[in-house]
$ cat work05.cif   # mmCIF, C-alpha atoms
data_structure
#
loop_
_atom_site.group_PDB
_atom_site.id
_atom_site.type_symbol
_atom_site.label_atom_id
_atom_site.label_comp_id
_atom_site.auth_asym_id
_atom_site.auth_seq_id
_atom_site.Cartn_x
_atom_site.Cartn_y
_atom_site.Cartn_z
ATOM 1 C CA MET A 1 -5.982 4.548 12.522
ATOM 2 C CA ASP A 2 -3.522 7.031 13.939
ATOM 3 C CA ASN A 3 0.192 6.886 14.644
ATOM 4 C CA LEU A 4 -0.421 6.321 18.370
ATOM 5 C CA GLN A 5 -2.210 3.051 17.593
ATOM 6 C CA LEU A 6 0.625 2.088 15.259
ATOM 7 C CA SER A 7 3.281 2.739 17.897
ATOM 8 C CA GLN A 8 1.341 0.709 20.446
ATOM 9 C CA SER A 9 1.184 -2.249 18.070
ATOM 10 C CA GLY A 10 4.963 -2.155 17.559
ATOM 11 C CA SER A 11 4.819 -2.804 13.800
ATOM 12 C CA PHE A 12 7.426 -0.769 11.897
ATOM 13 C CA ALA A 13 9.742 -1.008 8.905
ATOM 14 C CA LEU A 14 13.140 -0.135 10.376
ATOM 15 C CA ASN A 15 14.741 0.647 7.014
ATOM 16 C CA SER A 16 13.655 1.309 3.458
ATOM 17 C CA GLY A 17 13.214 -1.659 1.178
ATOM 18 C CA ALA A 18 13.715 0.740 -1.757
ATOM 19 C CA LEU A 19 10.490 -0.265 -3.518
ATOM 20 C CA ALA A 20 10.678 -0.221 -7.315
ATOM 21 C CA LEU A 21 9.074 -1.685 -10.443
ATOM 22 C CA SER A 22 9.525 -5.458 -10.674
ATOM 23 C CA THR A 23 10.932 -7.198 -13.735
ATOM 24 C CA ASN A 24 7.507 -8.666 -14.576
ATOM 25 C CA ASN A 25 6.079 -5.082 -14.579
ATOM 26 C CA LEU A 26 2.970 -6.239 -12.674
ATOM 27 C CA THR A 27 4.126 -5.925 -9.075
ATOM 28 C CA ALA A 28 6.708 -4.174 -6.954
ATOM 29 C CA LYS A 29 10.101 -5.339 -5.774
ATOM 30 C CA THR A 30 12.350 -4.512 -2.864
ATOM 31 C CA THR A 31 15.919 -3.724 -3.829
ATOM 32 C CA ALA A 32 17.166 -3.916 -0.245
ATOM 33 C CA ALA A 33 16.502 -6.287 2.642
ATOM 34 C CA ILE A 34 13.955 -4.916 5.121
ATOM 35 C CA ASN A 35 14.289 -5.220 8.864
ATOM 36 C CA TYR A 36 10.874 -4.823 10.444
ATOM 37 C CA THR A 37 8.857 -5.504 13.546
ATOM 38 C CA VAL A 38 5.378 -6.996 13.915
ATOM 39 C CA ASP A 39 3.773 -6.612 17.313
ATOM 40 C CA GLY A 40 7.212 -5.787 18.755
ATOM 41 C CA GLN A 41 9.046 -8.844 17.379
ATOM 42 C CA PHE A 42 11.946 -8.468 14.899
ATOM 43 C CA PHE A 43 11.890 -9.995 11.402
ATOM 44 C CA SER A 44 13.769 -9.623 8.131
ATOM 45 C CA TYR A 45 12.573 -9.777 4.517
ATOM 46 C CA PRO A 46 15.154 -10.215 1.723
ATOM 47 C CA ALA A 47 15.417 -8.055 -1.379
ATOM 48 C CA THR A 48 12.791 -9.686 -3.613
ATOM 49 C CA ASP A 49 11.847 -9.200 -7.244
ATOM 50 C CA ASN A 50 8.291 -9.862 -8.462
ATOM 51 C CA ILE A 51 6.848 -9.867 -4.944
ATOM 52 C CA PRO A 52 3.889 -12.236 -4.810
ATOM 53 C CA PHE A 53 0.922 -10.390 -3.339
ATOM 54 C CA ALA A 54 -0.930 -13.182 -1.555
ATOM 55 C CA THR A 55 -4.055 -11.246 -0.632
ATOM 56 C CA GLN A 56 -5.810 -7.968 -1.226
ATOM 57 C CA TYR A 57 -7.414 -6.781 1.974
ATOM 58 C CA ALA A 58 -10.358 -4.416 1.978
ATOM 59 C CA ALA A 59 -9.753 -1.190 3.845
ATOM 60 C CA GLN A 60 -12.948 -0.675 5.834
ATOM 61 C CA THR A 61 -12.279 3.027 6.306
ATOM 62 C CA PHE A 62 -11.242 4.032 2.797
ATOM 63 C CA ASN A 63 -12.333 1.447 0.266
ATOM 64 C CA PRO A 64 -14.675 -1.299 1.457
ATOM 65 C CA VAL A 65 -15.040 -2.774 -2.048
ATOM 66 C CA PRO A 66 -11.627 -2.618 -3.758
ATOM 67 C CA GLY A 67 -11.538 -3.127 -7.482
ATOM 68 C CA PRO A 68 -10.313 -1.431 -10.651
ATOM 69 C CA HIS A 69 -9.684 2.251 -10.469
ATOM 70 C CA ASN A 70 -10.893 4.290 -13.393
ATOM 71 C CA ASN A 71 -9.211 6.546 -15.891
ATOM 72 C CA ASN A 72 -8.263 9.988 -14.489
ATOM 73 C CA PHE A 73 -8.163 8.648 -10.930
ATOM 74 C CA THR A 74 -5.212 8.156 -8.563
ATOM 75 C CA ALA A 75 -4.943 5.541 -5.807
ATOM 76 C CA LEU A 76 -2.432 4.294 -3.255
ATOM 77 C CA TYR A 77 -1.731 0.593 -2.750
ATOM 78 C CA GLY A 78 -0.311 -0.180 0.693
ATOM 79 C CA ILE A 79 2.207 -3.027 0.931
ATOM 80 C CA PHE A 80 2.271 -4.998 4.184
ATOM 81 C CA LEU A 81 4.414 -7.833 5.592
ATOM 82 C CA ASP A 82 3.387 -10.285 8.284
ATOM 83 C CA SER A 83 5.661 -12.208 10.644
ATOM 84 C CA SER A 84 5.986 -15.064 8.119
ATOM 85 C CA GLY A 85 7.098 -12.746 5.311
ATOM 86 C CA VAL A 86 3.764 -12.993 3.486
ATOM 87 C CA VAL A 87 3.099 -9.828 1.483
ATOM 88 C CA THR A 88 -0.411 -8.406 1.237
ATOM 89 C CA PHE A 89 -1.727 -5.171 -0.175
ATOM 90 C CA VAL A 90 -4.571 -2.818 0.582
ATOM 91 C CA GLN A 91 -6.027 -0.598 -2.129
ATOM 92 C CA GLY A 92 -6.821 2.932 -1.023
ATOM 93 C CA LYS A 93 -9.869 4.769 -2.256
ATOM 94 C CA PRO A 94 -9.229 6.191 -5.742
ATOM 95 C CA VAL A 95 -9.686 9.957 -6.033
ATOM 96 C CA ASN A 96 -10.140 12.118 -9.102
ATOM 97 C CA SER A 97 -6.650 13.141 -10.271
ATOM 98 C CA ALA A 98 -7.772 16.693 -11.116
ATOM 99 C CA ASP A 99 -9.293 17.122 -7.642
ATOM 100 C CA LEU A 100 -6.069 15.858 -6.098
ATOM 101 C CA ALA A 101 -3.952 18.246 -8.196
ATOM 102 C CA ASN A 102 -6.221 21.176 -7.248
ATOM 103 C CA ALA A 103 -6.175 20.231 -3.545
ATOM 104 C CA ALA A 104 -9.940 19.625 -3.654
ATOM 105 C CA ALA A 105 -9.560 16.039 -2.384
ATOM 106 C CA PRO A 106 -6.852 14.268 -0.345
ATOM 107 C CA LEU A 107 -5.343 10.898 -1.216
ATOM 108 C CA MET A 108 -5.856 8.718 1.846
ATOM 109 C CA PHE A 109 -3.288 6.121 2.889
ATOM 110 C CA PRO A 110 -4.978 2.709 3.224
ATOM 111 C CA THR A 111 -4.598 1.208 6.678
ATOM 112 C CA ASN A 112 -3.855 -2.220 8.087
ATOM 113 C CA THR A 113 -7.512 -3.251 8.325
ATOM 114 C CA ASP A 114 -8.743 -6.717 7.466
ATOM 115 C CA ALA A 115 -11.978 -7.309 5.559
ATOM 116 C CA GLY A 116 -14.817 -8.143 7.904
ATOM 117 C CA THR A 117 -13.104 -6.519 10.880
ATOM 118 C CA PRO A 118 -14.449 -2.960 11.039
ATOM 119 C CA ALA A 119 -12.464 -1.905 14.121
ATOM 120 C CA ALA A 120 -9.539 0.282 13.004
ATOM 121 C CA GLY A 121 -6.165 -1.374 13.252
ATOM 122 C CA LYS A 122 -7.275 -5.009 13.449
ATOM 123 C CA PRO A 123 -5.683 -7.373 12.889
ATOM 124 C CA ARG A 124 -2.447 -5.792 13.882
ATOM 125 C CA GLY A 125 -0.171 -8.607 12.692
ATOM 126 C CA ARG A 126 1.223 -6.741 9.667
ATOM 127 C CA CYS A 127 3.827 -4.045 9.073
ATOM 128 C CA CYS A 128 3.471 -1.413 6.357
ATOM 129 C CA ILE A 129 6.642 -1.167 4.247
ATOM 130 C CA GLY A 130 5.358 1.369 1.732
ATOM 131 C CA PHE A 131 2.938 2.317 -0.994
ATOM 132 C CA VAL A 132 2.626 2.228 -4.760
ATOM 133 C CA ARG A 133 0.965 5.398 -6.046
ATOM 134 C CA VAL A 134 -0.780 4.965 -9.393
ATOM 135 C CA ALA A 135 -2.283 7.822 -11.413
ATOM 136 C CA ASN A 136 -4.318 6.360 -14.276
ATOM 137 C CA ALA A 137 -4.588 8.298 -17.551
ATOM 138 C CA THR A 138 -4.710 5.243 -19.838
ATOM 139 C CA GLY A 139 -8.340 5.543 -20.901
ATOM 140 C CA ALA A 140 -9.103 2.164 -19.272
ATOM 141 C CA PRO A 141 -9.571 0.880 -15.710
ATOM 142 C CA PHE A 142 -6.406 -0.062 -13.792
ATOM 143 C CA VAL A 143 -6.205 -3.317 -11.768
ATOM 144 C CA PHE A 144 -3.255 -3.713 -9.393
ATOM 145 C CA GLY A 145 -1.390 -6.935 -10.115
ATOM 146 C CA THR A 146 -3.059 -7.345 -13.524
ATOM 147 C CA THR A 147 -2.360 -4.111 -15.431
ATOM 148 C CA PRO A 148 1.391 -3.692 -16.104
ATOM 149 C CA LEU A 149 2.778 -0.788 -14.073
ATOM 150 C CA ASN A 150 4.770 0.417 -17.096
ATOM 151 C CA THR A 151 1.640 0.854 -19.255
ATOM 152 C CA ALA A 152 1.582 4.099 -21.242
ATOM 153 C CA GLY A 153 -0.618 6.609 -19.445
ATOM 154 C CA LEU A 154 0.164 5.369 -15.928
ATOM 155 C CA SER A 155 2.190 7.526 -13.598
ATOM 156 C CA VAL A 156 3.630 5.223 -10.923
ATOM 157 C CA SER A 157 5.740 6.154 -7.914
ATOM 158 C CA TYR A 158 6.912 4.284 -4.842
ATOM 159 C CA ILE A 159 6.711 5.562 -1.276
ATOM 160 C CA ASN A 160 8.822 3.785 1.354
ATOM 161 C CA THR A 161 7.524 4.204 4.904
ATOM 162 C CA LEU A 162 8.182 3.330 8.533
ATOM 163 C CA ALA A 163 4.434 2.851 9.082
ATOM 164 C CA VAL A 164 1.155 4.129 7.656
ATOM 165 C CA PRO A 165 1.362 7.950 7.686
ATOM 166 C CA GLY A 166 -1.167 9.699 9.903
ATOM 167 C CA GLU A 167 -2.013 12.376 7.321
ATOM 168 C CA PRO A 168 -3.208 11.949 3.714
ATOM 169 C CA LEU A 169 -1.330 13.216 0.659
ATOM 170 C CA ARG A 170 -2.622 16.579 -0.460
ATOM 171 C CA SER A 171 -1.188 16.612 -3.999
#

$ encode --input "work05.cif" --output "structure tokens"
Amino acid sequence: MDNLQLSQSGSFALNSGALALSTNNLTAKTTAAINYTVDGQFFSYPATDNIPFATQYAAQTFNPVPGPHNNNFTALYGIFLDSSGVVTFVQGKPVNSADLANAAAPLMFPTNTDAGTPAAGKPRGRCCIGFVRVANATGAPFVFGTTPLNTAGLSVSYINTLAVPGEPLRS
């Protein structure tokens, strides 16, 4: 999916939700209300702690079978809102952390692609509000929503976005 497709769908976060670690340490939270559009219509999502992630969608392009990501790997988890305020996430393909640090492999942003719908960008009915970046050096597999994000050996950061970036992270 490219930014042209995103702009044509009219799904954007109009301000940062200031993503951060939730109080339950398993999910993310927004510390500010988010104004966003889905297919050109305006919506608002309140600042919310312990965001319930209703569904994990498979990203056909990057990670058709999402699951745990292994020790010494880094992955992005895209956070999406639909017009009803339901939050879903898409796990990006984990990449070797050393390869990422040495610029031997990029870290792809997972897109708004539903499982079973291989055409890029379908369904469009969700807006990307950001990403949770998790580098796993715990010695065990990491599972988003199950493994606490404050576990020793995890390096976690939050990326607030207008939409899914068109270029991958290079480091």

$ atom_distance --input "work05.cif" --atom1 "atom CA of A:Ala105" --atom2 "atom CA of A:Cys127"
26.7 Å

$ residues_around --input "work05.cif" --residues "A:Pro141" --least-positions-apart "3" --cutoff "6 Å" --atoms "only C-alpha atoms" --output "list of chain:residue names"
A:Pro68, A:His69, A:Asn70, A:Asn71

$ write_last_selection --input "work05.cif" --atoms "C-alpha atoms" --output "mmCIF file, keeping the file's coordinate frame"
data_model
loop_
_atom_site.group_PDB
_atom_site.id
_atom_site.type_symbol
_atom_site.label_atom_id
_atom_site.label_comp_id
_atom_site.auth_asym_id
_atom_site.auth_seq_id
_atom_site.Cartn_x
_atom_site.Cartn_y
_atom_site.Cartn_z
ATOM 1 C CA PRO A 68 -10.313 -1.431 -10.651
ATOM 2 C CA HIS A 69 -9.684 2.251 -10.469
ATOM 3 C CA ASN A 70 -10.893 4.290 -13.393
ATOM 4 C CA ASN A 71 -9.211 6.546 -15.891
#

$ residues_near_point --input "work05.cif" --point "(-5.7, 3.3, -3.4)" --cutoff "6 Å" --atoms "all atoms listed in the file" --output "NGL selection string"
:A and (75-77 or 91-94)

$ write_last_selection --input "work05.cif" --atoms "C-alpha atoms" --output "PDB file, keeping the file's coordinate frame"
ATOM      1  CA  ALA A  75      -4.943   5.541  -5.807  1.00  0.00           C
ATOM      2  CA  LEU A  76      -2.432   4.294  -3.255  1.00  0.00           C
ATOM      3  CA  TYR A  77      -1.731   0.593  -2.750  1.00  0.00           C
ATOM      4  CA  GLN A  91      -6.027  -0.598  -2.129  1.00  0.00           C
ATOM      5  CA  GLY A  92      -6.821   2.932  -1.023  1.00  0.00           C
ATOM      6  CA  LYS A  93      -9.869   4.769  -2.256  1.00  0.00           C
ATOM      7  CA  PRO A  94      -9.229   6.191  -5.742  1.00  0.00           C
TER       8      PRO A  94
END

$ closest_residue --input "work05.cif" --among "A:Ala104, A:Leu26, A:Ile159, A:Val95" --to "A:Ala135" --atoms "all atoms listed in the file"
A:Val95

$ resolve_selection --input "work05.cif" --expression "the PyMOL selection byres ((chain A and resi 98) around 12)" --output "ChimeraX atom specification"
/A:71-74,94-97,99-107,135-137,170-171
